[in-house]
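J.: Could you have a look at this structure, given as structure tokens, before my questions?
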Amino acid sequence: MFVAPDNLFVEGYIHSMIKFSDPICPKSLSFLRRQESTAGSGDQWIPDFAGMTPKNLIIEHTGISLEGMTMDDERMLPVEEMVAWEEFTDRVEILRELDGWVRNIQRMGSWSTAIISPRRMGKTVLLDRLVNTVFFKPEYRVAPFYFRMRREDTTLRKFLLEYATTFFRQYVAYCHQDPILYKNEHVELGELSGLRSDHKAVGVAKEYIRMFLRRYERNTYIDARSQWDAFIRIPEHLASHSGTRVAVIIDEFQDMRFYVHDVDAASLERIWERRLREPDSVVGMNLPATYDRQAQSRKAPMLVSGSAVTLIFRTVMGGPLGGRFGFTYLKPMSVPDGAALLRTLLRLYAPGTEIIPEDALYASAQVGGHPYYLYCLAISKCEGKAFAGPEAVDRVVRHEIEEGKIYGFWQTHFQDNRKHINADSDEALGKKIIYHFTRYNNRPVEIREIAERLNVPKKMVEEKIERLYLADLVWRSRARYYTFNDICLMRFIKFVYGKDLEGVDEVDLSERNLFNTLKGRFLEIVVQVTMMKFGRERVDGRFFGRSGEIEVPLFNYVDTKHVKGSKTREYQIDVCGRELPANRVWICECKYTKTPMGIGDVRKLEDAAAVMTREVEENGRAAPEIQKWLVSTGGFTKEVLEHVRERPDIHFSDHEGINGIFHAYGGNYRIPVFRKTESGEDESSQFRL
């Protein structure tokens with residue numbers, strides 16, 4: 001049984017027991033009562049308290065009254081998140097993937113990986129939520145070691161102590177399910193080494209702490225590099241000896257190359273002075289290279305992230321770490337999820353500001369679902385800020401790009417990278433190349449096309465695009481350059497560079513055509529995004545036209561699909577989700593009008609299902625189990641309802657049904673239904689919540 005030393009962790013200990021009521025952790029109370037899983041493991045947690053409520057428990061053993069405490073007061077997380085709890089939107093799919101990555105470490109089924117995306121896409125918020133989720137899963141027996149790299153010059157010896165203390169404190173905190181200890185940076189290693197605990201993994205950790213302190217205290221900075229090299233392997237060794245594995249999670253991993261110096265304190269002061277005079281000339285130790293062996297560990301694999309895309313990619317994919325990391329690219333949110341986020345942000349930061357679903361969707365489309373840009377819109381200081389219609393939204397977006405926070409964000413980035421961006425022998429030509437570069441948002445940069453437009457050698461354009469790559473404005477894959485999916489960056493470039501240029505063709509970045517296309521496919525997009533969030537939950541069957549509850553699958557992928565047999569016509573399936581290894585498939589027919597779906601649409605989906613089966617069998621594979629799903633915002637004809645009533649292989653959702661499913665998976669608005677006006681333009685039925 002764990003016994004806290006006098007007054008050392010009492011506060012954290014109490015708060016850990018309160019934590020059960022946090023909605024993110026429905027099983028949190030179980031750690032107060034769970035039985036010892038293996039003899040001698042020390043997993044039994046305070047058995048004397050079984051049967052007592054946590055509030056009564058605390059009053060009984062401490063005399064502290066918790067009357068009047070609210071849910072917010074009771075919420076205790078190991079990592080303080082940077083956004084409001086409800087502000088975290090979407091990311092269900094990647095969180096599930098990362099949760100599985102952590103879970104599989106126990107069976108040595110995960111390998112090191114990197115999360116890569118541009119700045120302000122939400123990587124740190126994602127990692128915060130991941131740690132706050134897996135921390136409360138002691139059944140995984142994988143301790144999340146979460147280290148955020150700061151951009152502050154420091155000595156290796158000081159950094160080593162901070163790194164080691166963070167690791168051991170978080171490891172012990174996970175074993176004891178103590179979120180306050182996890183984030184208590186005032187706890188020192190000596191205090192941890194004196195902690196009384198019967199937990200097997202903690203006992204092993206304490207031995208490693210004592211060994212580390214003995215060496216650290218008897219040596220100087222001269223031994224720091226040697227001890228650092230030895231310590232990198234400690235998470236793996238501890239995982240082997242204790243049975244509790246480790247997930248090594250490092251945010252802004254690439255910065256380890258620049259801010260840690262193997263020098264004494266006096267020399268560090270000179271480095272500080274040099275950093276002020278010549279910031280680009282100061283380079284630290286290449287600490288990432290020292291992880292070459294650790295990156296291959298299956299008992300303590302690494303999850304690293306970085307916002308300098310070019311640099312983090314080169315750090316983990318080349319040099320000593322080459323071939324040791326996989327990578328995941330964090331994309332902007334889908335337009336429907338971006339709209340939901342904007343509505344949440346306005347409620348949190350601009351109470352009283354109204355926005356109907358269509359305008360939220362339009363705003364999300366105009367910034368490409370980028371979470372930071374949506375935040376900028378919500379807190380914008382644009383005079384007369386409103387979101388009543390596309391023109392009003394455009395005005396706020398334009399304000400942010402030309403003089404607001406989005407402008408400041410990119411202006412700072414361009415200034416910080418001016419040595420790459422402005423290194424042109426012909427300044428005017430360099431600006432023209434950057435301006436034409438804006439044509440290629442979210443697609444390959446056509447270097448030859450730019451060269452022909454400007455009547456300059458292709459090599460000159462290649463050299464300029466390479467400098468943009470070094471400035472983190474494009475990325476490179478398969479020997480080609482690609483722009484990020486960032487329409488606001490393109491508009492910023494057009495605003496800054498376009499006004500001084502003569503003799504260049506106008507570039508249209510309005511995205512109006514994109515939004516019109518989105519309106520036509522919006523229901524399909526909503527269904528696809530929502531299906532990707534399914535995770536074997538039980539959902540009210542009424543949403544699918546059924547009684548009782550429906551268990552939804554966990555799909556491996558969801559997308560539009562075309563099927564064709566050797567002697568059949570080709571069918572397009574609006575949305576198709578496949579679940580493996582169960583070999584189950586859901587295929588969906590979407591009708592996005594106010595007109596009821598007729599029997600012809602149902603027959604078409606049934607024909608598509610038959611052709612899918614035939615196509616699979618012709619390729620020598622087992623036919624999948626196919627669940628058909630009809631989604632119609634206009635409802636269904638009487639003939640359709642009679643046809644599907646006794647057909648369990650066909651689910652059917654009307655407007656209320658699909659809205660119920662959408663809300664169950666994070667939607668905070670009703671799905672608008674577009675109709676044709678007398679002029680032939682689309683408009684929305686403008687539902688309000």
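Just so we're on the same page: first chain in the structure tokens is A, next is B, and so on; residues restart at 1 for each chain, and ligands are numbered from 1 in the order they show up.
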Neighbours of segment 538-546 of chain A within 7 Å (only C-alpha atoms; same-chain residues fewer than 3 positions away dropped), as a PDB file with N, CA and C atoms, in the first residue's frame?
T.:
```
ATOM      1  N   GLU A 549     -30.530   0.036 -29.387  1.00  0.00           N
ATOM      2  CA  GLU A 549     -29.253   0.703 -29.637  1.00  0.00           C
ATOM      3  C   GLU A 549     -28.525   0.025 -30.784  1.00  0.00           C
ATOM      4  N   ILE A 550     -27.719   0.798 -31.495  1.00  0.00           N
ATOM      5  CA  ILE A 550     -26.897   0.292 -32.595  1.00  0.00           C
ATOM      6  C   ILE A 550     -25.434   0.466 -32.214  1.00  0.00           C
ATOM      7  N   GLU A 551     -24.659  -0.604 -32.303  1.00  0.00           N
ATOM      8  CA  GLU A 551     -23.213  -0.474 -32.089  1.00  0.00           C
ATOM      9  C   GLU A 551     -22.553  -0.115 -33.412  1.00  0.00           C
ATOM     10  N   VAL A 552     -21.936   1.060 -33.454  1.00  0.00           N
ATOM     11  CA  VAL A 552     -21.295   1.502 -34.693  1.00  0.00           C
ATOM     12  C   VAL A 552     -19.884   0.919 -34.765  1.00  0.00           C
ATOM     13  N   HIS A 651     -29.913   0.648 -42.726  1.00  0.00           N
ATOM     14  CA  HIS A 651     -30.253   1.708 -41.779  1.00  0.00           C
ATOM     15  C   HIS A 651     -30.766   2.901 -42.579  1.00  0.00           C
ATOM     16  N   PHE A 652     -31.580   3.734 -41.951  1.00  0.00           N
ATOM     17  CA  PHE A 652     -32.068   4.915 -42.657  1.00  0.00           C
ATOM     18  C   PHE A 652     -32.214   6.075 -41.665  1.00  0.00           C
ATOM     19  N   SER A 653     -31.621   7.214 -42.016  1.00  0.00           N
ATOM     20  CA  SER A 653     -31.617   8.392 -41.147  1.00  0.00           C
ATOM     21  C   SER A 653     -32.201   9.574 -41.894  1.00  0.00           C
ATOM     22  N   GLY A 657     -32.503  12.307 -37.656  1.00  0.00           N
ATOM     23  CA  GLY A 657     -31.596  11.205 -37.334  1.00  0.00           C
ATOM     24  C   GLY A 657     -30.139  11.553 -37.552  1.00  0.00           C
ATOM     25  N   ILE A 658     -29.816  12.146 -38.709  1.00  0.00           N
ATOM     26  CA  ILE A 658     -28.406  12.458 -38.984  1.00  0.00           C
ATOM     27  C   ILE A 658     -27.920  13.586 -38.082  1.00  0.00           C
ATOM     28  N   GLY A 660     -28.941  13.953 -34.992  1.00  0.00           N
ATOM     29  CA  GLY A 660     -28.688  13.296 -33.716  1.00  0.00           C
ATOM     30  C   GLY A 660     -27.326  12.623 -33.691  1.00  0.00           C
ATOM     31  N   ILE A 661     -26.973  11.954 -34.783  1.00  0.00           N
ATOM     32  CA  ILE A 661     -25.659  11.299 -34.870  1.00  0.00           C
ATOM     33  C   ILE A 661     -24.549  12.343 -34.897  1.00  0.00           C
TER      34      ILE A 661
END
```
J.: Report as a count of residues only: the residues of segment 116-332 of chain A with a DSSP assignment of alpha helix (DSSP H), based on the backbone of this structure.
T.: 100
J.: Name all residues at most 12 Å from Ser240 of chain A (count only C-alpha atoms; drop same-chain ones fewer than 4 positions away) and give them as a list in words.
T.: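 Counting only the stated atoms, we get Ile105, Gln106, Arg107, Met108, Val142, Ala201, Val204, Ala205, Arg233, Ile234, Pro235, Glu236, Thr244, Arg245, Val246, Ser297, Arg298, Lys299 and Ala300 of chain A.
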J.: Hey, can you check how far atom CA of His370 of chain A sits from atom CA of Val79 of chain A?
T.: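 Taking atom CA of His370 of chain A and atom CA of Val79 of chain A, their separation equals 24.0 Å.
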J.: For a test of reading the model, state the distance in Å between atom CA of Arg148 of chain A and atom CA of Ile250 of chain A, rounded to one decimal.
T.: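 Here the two named atoms are 5.8 Å from each other.
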J.: Got a sec to tell me which of segment 320-392 of chain A DSSP assigns to strand (DSSP E or B), as JSON, numbers by chain?
T.: {"A": [326, 327, 328, 329]}
J.: Residues at most 6 Å from segment 386-394 of chain A, counting only C-alpha atoms, excluding those fewer than 2 positions away in the same chain, as a list in words?
T.: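 Answer for this query is Ile355, Asp359, Val396, Val397 and Arg398 of chain A.
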J.: Quick one: residues within 9 Å of Glu570 of chain A, only C-alpha atoms counted, chain neighbours fewer than 6 positions away excluded, as a ChimeraX atom specification?
T.: /A:562-564,608,611
J.: Output N, CA and C atoms for every residue in the selection just made, as a compact mmCIF listing (two decimals), in the first residue's frame.
T.:
```
# COMPACT_ATOMS: atom_id res chain seq x y z
N HIS A 562 -15.73 3.93 -55.93
CA HIS A 562 -16.33 3.47 -57.19
C HIS A 562 -16.17 1.95 -57.26
N VAL A 563 -17.21 1.26 -57.70
CA VAL A 563 -17.15 -0.20 -57.84
C VAL A 563 -17.61 -0.58 -59.24
N LYS A 564 -17.00 -1.65 -59.75
CA LYS A 564 -17.36 -2.13 -61.09
C LYS A 564 -16.96 -3.58 -61.24
N ALA A 608 -25.36 -1.23 -56.18
CA ALA A 608 -23.94 -0.96 -55.91
C ALA A 608 -23.37 -1.99 -54.94
N VAL A 611 -22.71 -5.18 -56.86
CA VAL A 611 -21.52 -5.05 -57.70
C VAL A 611 -20.25 -5.07 -56.85
```
J.: Residues at most 7 Å from segment 518-526 of chain A, counting only C-alpha atoms, excluding those fewer than 3 positions away in the same chain, as a PyMOL selection string?
T.: chain A and resi 336+514-515+529-530+574-575+590+592
J.: Using only C-alpha atoms, what table do you get, as JSON lines, when you list each residue of segment 391-448 of chain A with an atom no more than 7 Å from segment 452-468 of chain A, its nearest pair of atoms, and their distance in Å rounded to one decimal, rows by chain then rising number?
T.:
```
{"residue": "A:His420", "atom": "CA", "partner": "A:Arg467", "partner_atom": "CA", "distance": 5.2}
{"residue": "A:Ile421", "atom": "CA", "partner": "A:Arg467", "partner_atom": "CA", "distance": 6.1}
{"residue": "A:Ile433", "atom": "CA", "partner": "A:Val461", "partner_atom": "CA", "distance": 6.8}
{"residue": "A:Ile447", "atom": "CA", "partner": "A:Val461", "partner_atom": "CA", "distance": 6.3}
{"residue": "A:Arg448", "atom": "CA", "partner": "A:Lys458", "partner_atom": "CA", "distance": 5.9}
```
J.: Mind dumping the selected residues with N, CA and C atoms as a CSV table (one decimal), in the first residue's frame?
T.:
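Below you can see selection03.csv, which holds the result:
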```csv
chain,number,residue,atom,x,y,z
A,420,HIS,N,16.5,33.7,-45.7
A,420,HIS,CA,16.1,32.8,-46.8
A,420,HIS,C,15.2,33.5,-47.8
A,421,ILE,N,14.2,34.2,-47.3
A,421,ILE,CA,13.2,34.7,-48.2
A,421,ILE,C,13.7,35.8,-49.1
A,433,ILE,N,8.0,35.8,-58.1
A,433,ILE,CA,8.0,34.4,-57.9
A,433,ILE,C,7.1,34.0,-56.7
A,447,ILE,N,6.9,24.6,-61.0
A,447,ILE,CA,8.1,25.5,-61.2
A,447,ILE,C,8.2,25.9,-62.7
A,448,ARG,N,8.0,25.0,-63.6
A,448,ARG,CA,8.1,25.3,-65.1
A,448,ARG,C,7.0,26.3,-65.4
```
J.: If we count only C-alpha atoms, what is near Arg91 of chain A at a cut-off of 9 Å, once residues fewer than 3 positions away on the same chain are taken out, given as a list in words?
T.: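 Listing them by chain and then by number gives Phe88, Ile94, Leu95, Arg96, Leu126, Met333 and Lys533 of chain A.
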J.: Counting only C-alpha atoms, which residue out of A:Arg215, A:Cys175, A:Ser267, A:His655 sits closest to Gly635 of chain A?
T.: A:His655
J.: Find, counting only C-alpha atoms, the residue in A:His186, A:Gly338, A:Tyr146, A:Ser226 that gets nearest to Ile249 of chain A.
T.: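 Closest to Ile249 of chain A, using only C-alpha atoms: A:Tyr146.
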J.: With only C-alpha atoms as the basis for distance, which of A:Tyr208, A:Tyr669, A:Tyr291, A:Trp272 is at the shortest distance from Arg257 of chain A?
T.: A:Tyr291
J.: Give me, please, the distance in Å between atom CA of Met490 of chain A and atom CA of Gly408 of chain A, quoted to one decimal.
T.: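 Answer for the atom CA of Met490 of chain A to atom CA of Gly408 of chain A separation: 14.5 Å.
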